[in-house]
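Following: one structure in structure tokens, then a few remarks.
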Amino acid sequence: MRTFFRITFPLALVNFLNQASRAVMAVIGPLLALEFGLSASDLGLLAAVLFAAYGLAQLPVGLALDIFGARRVQTVLSLTAGLGFLICALAEDVLFLGVGRFVTGIGIAAGLMAMLKANTQWFPRAKVAAMTGSGVFVGALGGMVATLPMQALIPLTGWRGGFLIFAVLSCLIAAWIWISVADAPPGYVRPPRRSLVAEITAFGPIFAHPYFRRFVPAILMLTTMNFVYQGLWAGPWLRDVAGLDDQARGLLLFTYACGAAAGSLLTGQAASFLQGRGHSPMLVPSVAMGALLAIQAVLIVAPPSGMPALGLVWLCFAMAASAGPAGYAAVGQRFGPELAGRVATAINGSMLVLVFLAQIAIGAILDLWPRTAEGGWNAAGYGWAMGLTLGLQALVVLWAWRGRRLLGATAT
């Protein structure tokens with residue numbers, strides 16, 4: 001635990017900023033749409049800008065993590081995130097707001113990967129998923145802060161004040177990482193420094209590895225669902241399909257964030273517990289994928305009504321979708337610690353490309369129907385949009401487990 005609080009916890013705070021910067025759009029997105037006159041496609045593009053920057057930074061960040069270590073990389077990136085939040089707070093039009101979101105996306109780019117890199121170095125293999133899940137739990141608190149607390153803060157400071165608070169937090173976290181995090185554990189022998197070209201070409205065997213190609217598409221869709229809905233579309237869905245007002249939406253989004261936090265902790269602990277007893281590290285992500293498919297089918301065919309039922313369904317959605325980091329840890333164990341940063345960013349970079357496309361596609365689908373009298377989007381559009389994500393996830397799950405038992409073989 002001492003190592004966790006000295007190494008993992010400060011790095012997890014960058015993931016706190018990561019989660020907050022994504023979840024805040026679900027709360028302020030409707031406000032931005034009204035203030036700047038945005039369509040659903042425009043709003044989806046604004047949300048996707050952060051993921052585009054996030055995705056473009058992945059491979060360079062992974063390379064930097066493996067060469068320079070988590071301490072130096074995350075200190076610089078935390079300060080970059082602070083600059084992005086500040087630009088958002090001062091933006092006078094949607095163009096500069098987009099610039100701020102882009103800079104923020106670069107700053108939060110290593111939120112999960114730096115933590116995975118450090119955990120791979122500092123903890124035994126069977127403990128990596130548990131420590132990563134605990135760190136993601138800390139990060140998920142950022143998603144919680146960006147929901148109900150942000151909803152309560154907006155009448156006092158406006159959405160700009162929220163961005164200013166995040167800017168200050170980013171600078172404080174950068175200082176904490178620089179002071180607390182060590183470059184490497186005692187006795188750790190760094191691999192010999194190679195040329196930059198050799199370091200870059202190490203990505204090739206990662207993408208070509210059979211385990212990576214088999215399981216990563218399913219892991220990508222699992223995490224994408226969390227990014228897409230917590231990051232934007234859960235809020236409009238609760239308004240336009242469930243008919244909830246601002247206060248009720250804030251409460252449901254807070255419930256979603258609680259589910260994501262609890263799911264991150266529980267799935268990570270469960271994955272390590274089961275792996276320590278000889279089970280596949282992909283067992284827990286596998287169960288989560290099946291659960292998420294079932295939940296999406298319910299939301300499409302028979303969306304629940306009433307706060308208790310809605311809260312339960314979206315809580316389960318969040319918990320299932322939060323098993324992605326356990327899948328990251330499972331794939332990372334197929335490679336050496338010297339490649340941990342690049343493996344994690346290879347997965348995350350691919351996922352963020354998918355998130356970028358999904359955000360835009362959902363907005364485009366919703367725009368196929370006329371806007372409602374209240375300024376929202378037609379409920380039928382949400383059904384078709386979620387049907388798209390459900391179909392894609394079913395395809396990649398079949399790809400991962402084609403011809404085998406769903407929870408099979410640890411060695412293949």
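Chain lettering (A, B, ...) mirrors the order of the structure tokens, residue numbering begins at 1 for each chain separately, and ligand numbering begins at 1 in order of display.
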Checklist entry - Can you list every residue in region 197-234 of chain A that DSSP puts in alpha helix (DSSP H), as a ChimeraX atom specification? => result /A:197-201,203-208,210-228,234
Kindly save the residues from that selection, with C-alpha atoms included, as a CSV table (one decimal), in the first residue's frame.
```csv
chain,number,residue,atom,x,y,z
A,197,VAL,CA,14.2,4.1,-35.2
A,198,ALA,CA,14.6,0.8,-33.3
A,199,GLU,CA,12.4,2.0,-30.5
A,200,ILE,CA,9.7,3.0,-32.9
A,201,THR,CA,9.8,-0.2,-34.9
A,203,PHE,CA,5.5,-1.2,-32.2
A,204,GLY,CA,5.4,-3.6,-35.2
A,205,PRO,CA,5.6,-6.9,-33.3
A,206,ILE,CA,3.0,-5.6,-30.8
A,207,PHE,CA,0.3,-5.0,-33.5
A,208,ALA,CA,1.3,-8.2,-35.2
A,210,PRO,CA,-1.7,-13.0,-32.4
A,211,TYR,CA,-3.0,-12.4,-28.9
A,212,PHE,CA,-3.2,-8.6,-29.6
A,213,ARG,CA,-5.0,-9.1,-32.9
A,214,ARG,CA,-7.4,-11.6,-31.4
A,215,PHE,CA,-8.6,-9.9,-28.2
A,216,VAL,CA,-7.9,-6.2,-28.5
A,217,PRO,CA,-10.8,-5.4,-30.9
A,218,ALA,CA,-13.2,-6.7,-28.2
A,219,ILE,CA,-11.4,-4.8,-25.5
A,220,LEU,CA,-11.6,-1.7,-27.6
A,221,MET,CA,-15.3,-1.8,-28.0
A,222,LEU,CA,-15.8,-2.5,-24.2
A,223,THR,CA,-13.9,0.7,-23.3
A,224,THR,CA,-15.3,2.7,-26.3
A,225,MET,CA,-18.8,2.2,-24.9
A,226,ASN,CA,-17.7,3.9,-21.6
A,227,PHE,CA,-16.0,6.8,-23.4
A,228,VAL,CA,-18.9,7.4,-25.8
A,234,ALA,CA,-25.7,9.4,-21.8
```
Which residues are near region 322-329 of chain A? Cut-off 7 Å, only C-alpha atoms, ignore same chain within fewer than 3 positions. Put them as a PDB file with N, CA and C atoms, in the first residue's frame.
```pdb
ATOM      1  N   VAL A 128      -0.893  -6.726 -10.997  1.00  0.00           N
ATOM      2  CA  VAL A 128      -0.973  -5.547 -11.863  1.00  0.00           C
ATOM      3  C   VAL A 128      -2.419  -5.131 -12.106  1.00  0.00           C
ATOM      4  N   ALA A 129      -3.291  -6.101 -12.387  1.00  0.00           N
ATOM      5  CA  ALA A 129      -4.699  -5.761 -12.650  1.00  0.00           C
ATOM      6  C   ALA A 129      -5.346  -5.148 -11.420  1.00  0.00           C
ATOM      7  N   GLY A 133      -6.699  -1.471 -11.364  1.00  0.00           N
ATOM      8  CA  GLY A 133      -8.112  -1.236 -11.081  1.00  0.00           C
ATOM      9  C   GLY A 133      -8.312  -0.257  -9.946  1.00  0.00           C
ATOM     10  N   ILE A 219     -11.753  -5.706 -26.592  1.00  0.00           N
ATOM     11  CA  ILE A 219     -11.435  -4.807 -25.478  1.00  0.00           C
ATOM     12  C   ILE A 219     -11.675  -3.356 -25.881  1.00  0.00           C
ATOM     13  N   LEU A 222     -15.346  -2.538 -25.643  1.00  0.00           N
ATOM     14  CA  LEU A 222     -15.775  -2.465 -24.244  1.00  0.00           C
ATOM     15  C   LEU A 222     -15.479  -1.086 -23.667  1.00  0.00           C
ATOM     16  N   THR A 223     -14.252  -0.614 -23.879  1.00  0.00           N
ATOM     17  CA  THR A 223     -13.864   0.692 -23.346  1.00  0.00           C
ATOM     18  C   THR A 223     -14.512   1.828 -24.133  1.00  0.00           C
ATOM     19  N   ASN A 226     -17.836   2.990 -22.796  1.00  0.00           N
ATOM     20  CA  ASN A 226     -17.733   3.867 -21.625  1.00  0.00           C
ATOM     21  C   ASN A 226     -17.405   5.291 -22.044  1.00  0.00           C
ATOM     22  N   ALA A 260     -18.914   3.372 -12.631  1.00  0.00           N
ATOM     23  CA  ALA A 260     -17.619   3.242 -13.299  1.00  0.00           C
ATOM     24  C   ALA A 260     -16.492   3.115 -12.286  1.00  0.00           C
ATOM     25  N   GLY A 263     -16.898  -0.320 -10.574  1.00  0.00           N
ATOM     26  CA  GLY A 263     -16.574  -1.369 -11.528  1.00  0.00           C
ATOM     27  C   GLY A 263     -15.087  -1.482 -11.778  1.00  0.00           C
ATOM     28  N   SER A 264     -14.389  -0.354 -11.865  1.00  0.00           N
ATOM     29  CA  SER A 264     -12.942  -0.375 -12.072  1.00  0.00           C
ATOM     30  C   SER A 264     -12.242  -1.097 -10.929  1.00  0.00           C
ATOM     31  N   THR A 267     -13.576  -5.045 -10.854  1.00  0.00           N
ATOM     32  CA  THR A 267     -13.108  -5.893 -11.957  1.00  0.00           C
ATOM     33  C   THR A 267     -11.593  -6.096 -11.894  1.00  0.00           C
ATOM     34  N   GLY A 268     -10.854  -5.071 -11.503  1.00  0.00           N
ATOM     35  CA  GLY A 268      -9.407  -5.238 -11.359  1.00  0.00           C
ATOM     36  C   GLY A 268      -9.053  -6.230 -10.264  1.00  0.00           C
ATOM     37  N   ALA A 271     -10.057  -9.759 -11.407  1.00  0.00           N
ATOM     38  CA  ALA A 271      -9.156 -10.313 -12.421  1.00  0.00           C
ATOM     39  C   ALA A 271      -7.870 -10.832 -11.791  1.00  0.00           C
ATOM     40  N   MET A 282      -8.311 -12.906 -19.071  1.00  0.00           N
ATOM     41  CA  MET A 282      -9.404 -12.366 -19.887  1.00  0.00           C
ATOM     42  C   MET A 282     -10.778 -12.796 -19.381  1.00  0.00           C
ATOM     43  N   PRO A 285     -12.951  -9.543 -18.183  1.00  0.00           N
ATOM     44  CA  PRO A 285     -13.418  -8.760 -19.341  1.00  0.00           C
ATOM     45  C   PRO A 285     -14.426  -9.511 -20.202  1.00  0.00           C
ATOM     46  N   ALA A 288     -17.812  -9.224 -18.624  1.00  0.00           N
ATOM     47  CA  ALA A 288     -18.273  -7.839 -18.770  1.00  0.00           C
ATOM     48  C   ALA A 288     -18.804  -7.574 -20.179  1.00  0.00           C
ATOM     49  N   ALA A 318     -22.304   1.032 -16.628  1.00  0.00           N
ATOM     50  CA  ALA A 318     -21.017   1.618 -16.267  1.00  0.00           C
ATOM     51  C   ALA A 318     -20.069   0.587 -15.667  1.00  0.00           C
ATOM     52  N   MET A 319     -20.577  -0.286 -14.806  1.00  0.00           N
ATOM     53  CA  MET A 319     -19.730  -1.284 -14.172  1.00  0.00           C
ATOM     54  C   MET A 319     -19.180  -2.268 -15.199  1.00  0.00           C
ATOM     55  N   GLY A 332      -1.125  -6.768 -21.848  1.00  0.00           N
ATOM     56  CA  GLY A 332       0.213  -6.297 -21.518  1.00  0.00           C
ATOM     57  C   GLY A 332       1.111  -7.380 -20.963  1.00  0.00           C
ATOM     58  N   GLN A 333       0.535  -8.384 -20.310  1.00  0.00           N
ATOM     59  CA  GLN A 333       1.333  -9.447 -19.722  1.00  0.00           C
ATOM     60  C   GLN A 333       1.974 -10.342 -20.773  1.00  0.00           C
ATOM     61  N   ALA A 344       0.343  -0.529 -23.944  1.00  0.00           N
ATOM     62  CA  ALA A 344      -0.848   0.159 -23.439  1.00  0.00           C
ATOM     63  C   ALA A 344      -1.310   1.249 -24.396  1.00  0.00           C
TER      64      ALA A 344
END
```
Can you check which parts of region 234-323 of chain A lie within 9 Å of region 136-153 of chain A? Per residue, the shortest pair of atoms and distance in Å to one decimal, counting only C-alpha atoms, sorted by chain and number, as a tab-separated table.
```
residue	atom	partner	partner_atom	distance
A:Asp246	CA	A:Gln151	CA	8.1
A:Gln247	CA	A:Gln151	CA	7.7
A:Arg249	CA	A:Leu148	CA	8.6
A:Gly250	CA	A:Leu148	CA	4.9
A:Leu251	CA	A:Leu148	CA	5.9
A:Leu252	CA	A:Leu148	CA	8.5
A:Leu253	CA	A:Thr147	CA	5.8
A:Phe254	CA	A:Thr147	CA	5.2
A:Thr255	CA	A:Met144	CA	8.0
A:Tyr256	CA	A:Met144	CA	8.0
A:Ala257	CA	A:Met144	CA	4.8
A:Cys258	CA	A:Met144	CA	6.4
A:Ala260	CA	A:Ala140	CA	6.3
A:Ala261	CA	A:Phe137	CA	4.6
A:Ala262	CA	A:Phe137	CA	6.6
A:Gly263	CA	A:Phe137	CA	7.9
A:Ser264	CA	A:Phe137	CA	5.4
A:Leu265	CA	A:Phe137	CA	5.3
A:Leu266	CA	A:Phe137	CA	9.0
A:Gly268	CA	A:Val136	CA	8.9
A:Ser322	CA	A:Val136	CA	8.9
```
Next on the checklist: So that I can check the surroundings of Ala81 (chain A), please list as a PyMOL selection string every protein, DNA and RNA residue that reaches within 7 Å of it, counting only C-alpha atoms and ignoring chain neighbours fewer than 4 positions away.
Outcome noted: chain A and resi 77+85+103-104+107-108+170
Kindly save the residues from that selection, with C-alpha atoms included, as a JSON list (two decimals), in the first residue's frame.
```json
[["chain", "number", "residue", "atom", "x", "y", "z"],
["A", 77, "LEU", "CA", 1.60, 16.27, -19.66],
["A", 85, "PHE", "CA", -8.41, 23.61, -19.38],
["A", 103, "VAL", "CA", -4.66, 20.61, -25.95],
["A", 104, "THR", "CA", -6.40, 18.96, -23.01],
["A", 107, "GLY", "CA", -2.30, 16.49, -21.67],
["A", 108, "ILE", "CA", -4.41, 13.56, -20.48],
["A", 170, "SER", "CA", -3.62, 19.95, -13.13]]
```
Item to check | Counting only C-alpha atoms, the option among A:Ala26, A:Leu95, A:Leu17, A:Ala70 closest to Cys171 (chain A) | outcome: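 Nearest to Cys171 (chain A): A:Leu17.
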